[in-house]
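One structure is given below, encoded as structure tokens.
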Amino acid sequence: MSDISATLPADGPKQPLVFLDTAEHHPVNGTLLGFWVYLMSDCLIFACLFAAYGVLGREYAGGPTAQEVLELPAVAVNTTLLLLSSITYGFAVLAMQKNQRNPMLVWLVITGLLGAGFITLELREFAHLISIGAGPQRSAFLSSFFTLVGTHGLHVTCGLIWLVVLITQVLKKGLITANKRRILCLSMFWHFLDVVWVGVFSFVYLMGVLP
Amino acid sequence: MSAHDELHAHGDDHGHDDDLGIHATFSGYMTGFALSVVLTVIPFWLVMGHVITKSSTAAVIILALAAVQIVVHMIYFLHMNAKSEGGWNMLALVFTIVLVVITLSGSIWIMYHLNSNMMPSMMDPSNLP
């Protein structure tokens, strides 16, 4: 600003130059906001799937009921894994803020292992359901159940792939600004999946097994 | 490795360029985590321990706890507040919540009434195509 006014001719305007952009906070670019908007649109996908489950969740078509096939202990373990992975990702972000590359990578790897454990348990649950004849084609309840929980699992799988790519990028390029932005985007994605999972275990599992 | 150190130092020199608008704190994450654990354990205990026998009461409590936990996640993990990104984050969130509430409550409400208003002849499997 002083540079600009110094180049003005002496008989220029007497009042100081005023710039319109005086907000106390302006982001470097819109990536994080754009990613947030994507997450909100993802939220709408899950809302539709939750609505479908809410409508169809008690239509057993003579097949197994939620009470018979859903196993709460496994879900409790899964919930624990995902919640732990959320907090370990938080620790990774904290390490990133302090520019500590190696601790951050360790936390990211732990997050990835917890997420992989989550997916493994979920796939085992799906395989078990299909093996006892409670596959998605059995009843409307199971169709909507597999669609909703499967879509969430697919998101977690994508998050895991992203995590591996991100770790590679940090190993190659270090903690540059672009990588930090990516880490924050994945952070939002990962915590968002935990938010969706809160809805899944409450609405599908816990309310499903209620008599 | 040397290339990394160089980049690392570059990042340190221009610390203000790395300001991406999110300032996470350890205490914030731990608060969110502790609250989430409590809000997760209570509903699991209610259902697995058969504490509440009435289904509708248990369902309301489970949904209320889930709603509180989602707010906790939003504040402590997703760093949501009215100021981030100049308020646009919050605006998008509020808009989405409105759509989600309409979608969920609307679908469940209408389909519930469709089910209960179905004529008995239509419920007979022999009348199905």
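For the structure tokens, the naming scheme is as follows: chains receive sequential letters (A, B, ...) according to their order of presentation, residues are indexed from 1 within each chain, and ligands are indexed from 1 in presentation order.
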*May I have the residues of chain A within 8 Å of chain B, counting only C-alpha atoms, written as a ChimeraX atom specification?*
/A:25-28,33,36-37,40-41,43-44,47-48,50-52,54-55,72,76,83,86-87,90-91,93-94,99,172-177,180-181,187-188,191-192,195,198-199,202-203,206-207,210-211
*Where does DSSP see helix (DSSP H, G or I) in segment 26-99 of chain B, if you list the residues as a count of residues only?*
62
*Please provide as a ChimeraX atom specification all residues within 9 Å of Arg58 of chain A, with the sequence filter that same-chain residues fewer than 5 positions apart are discarded (counting only C-alpha atoms).*
/A:53,65-66,140-141,208
Restricted to all heavy atoms, what would the selected residues look like written as an mmCIF file, in the first residue's frame?
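Result file follows (out_35.cif):
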data_model
loop_
_atom_site.group_PDB
_atom_site.id
_atom_site.type_symbol
_atom_site.label_atom_id
_atom_site.label_comp_id
_atom_site.auth_asym_id
_atom_site.auth_seq_id
_atom_site.Cartn_x
_atom_site.Cartn_y
_atom_site.Cartn_z
ATOM 1 N N TYR A 53 -33.898 -46.441 3.854
ATOM 2 C CA TYR A 53 -33.847 -47.432 4.937
ATOM 3 C C TYR A 53 -34.965 -47.182 5.944
ATOM 4 O O TYR A 53 -35.586 -48.127 6.450
ATOM 5 C CB TYR A 53 -32.487 -47.405 5.639
ATOM 6 C CG TYR A 53 -32.410 -48.439 6.741
ATOM 7 C CD1 TYR A 53 -32.076 -49.750 6.448
ATOM 8 C CD2 TYR A 53 -32.725 -48.110 8.052
ATOM 9 C CE1 TYR A 53 -32.049 -50.713 7.433
ATOM 10 C CE2 TYR A 53 -32.708 -49.070 9.054
ATOM 11 C CZ TYR A 53 -32.364 -50.364 8.738
ATOM 12 O OH TYR A 53 -32.359 -51.310 9.714
ATOM 13 N N THR A 65 -35.149 -60.936 10.329
ATOM 14 C CA THR A 65 -35.358 -59.574 10.820
ATOM 15 C C THR A 65 -34.025 -58.969 11.246
ATOM 16 O O THR A 65 -33.018 -59.670 11.383
ATOM 17 C CB THR A 65 -36.308 -59.585 12.024
ATOM 18 O OG1 THR A 65 -35.660 -60.289 13.095
ATOM 19 C CG2 THR A 65 -37.613 -60.279 11.685
ATOM 20 N N ALA A 66 -34.072 -57.646 11.436
ATOM 21 C CA ALA A 66 -32.851 -56.956 11.867
ATOM 22 C C ALA A 66 -32.355 -57.531 13.183
ATOM 23 O O ALA A 66 -31.156 -57.697 13.402
ATOM 24 C CB ALA A 66 -33.122 -55.465 11.997
ATOM 25 N N ALA A 140 -36.589 -56.216 1.237
ATOM 26 C CA ALA A 140 -36.383 -54.773 1.105
ATOM 27 C C ALA A 140 -35.503 -54.253 2.229
ATOM 28 O O ALA A 140 -34.666 -53.373 2.026
ATOM 29 C CB ALA A 140 -37.734 -54.055 1.121
ATOM 30 N N PHE A 141 -35.693 -54.809 3.418
ATOM 31 C CA PHE A 141 -34.839 -54.404 4.542
ATOM 32 C C PHE A 141 -33.377 -54.638 4.210
ATOM 33 O O PHE A 141 -32.536 -53.742 4.379
ATOM 34 C CB PHE A 141 -35.246 -55.184 5.809
ATOM 35 C CG PHE A 141 -34.131 -55.416 6.777
ATOM 36 C CD1 PHE A 141 -33.507 -54.348 7.406
ATOM 37 C CD2 PHE A 141 -33.689 -56.706 7.065
ATOM 38 C CE1 PHE A 141 -32.466 -54.559 8.305
ATOM 39 C CE2 PHE A 141 -32.653 -56.914 7.949
ATOM 40 C CZ PHE A 141 -32.042 -55.846 8.571
ATOM 41 N N GLY A 208 -32.553 -50.720 14.849
ATOM 42 C CA GLY A 208 -32.996 -51.914 14.139
ATOM 43 C C GLY A 208 -33.249 -53.092 15.061
ATOM 44 O O GLY A 208 -34.181 -53.868 14.846
#
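By chain and then residue number, the residues within 12 Å of Leu123 of chain A are Ala74, Asn78, Ala116, Gly117, Phe118, Ile119, Ala127, His128, Leu129, Ile130, Phe146, Val149, Gly150, His152, Gly153, Leu154 and Thr157 of chain A, counting only C-alpha atoms and disregarding those fewer than 4 positions away in sequence.
Atom CA of Ser27 of chain B sits 27.6 Å away from atom CA of Val164 of chain A.
All residues of protein, DNA or RNA that reach within 9 Å of Val75 of chain A, judged by only C-alpha atoms and not counting those fewer than 3 positions away in the chain, are A:Leu70, A:Glu71, A:Leu72, A:Asn78, A:Thr79, A:Thr80, A:Leu121, A:Glu122, A:Phe201, A:Tyr205.
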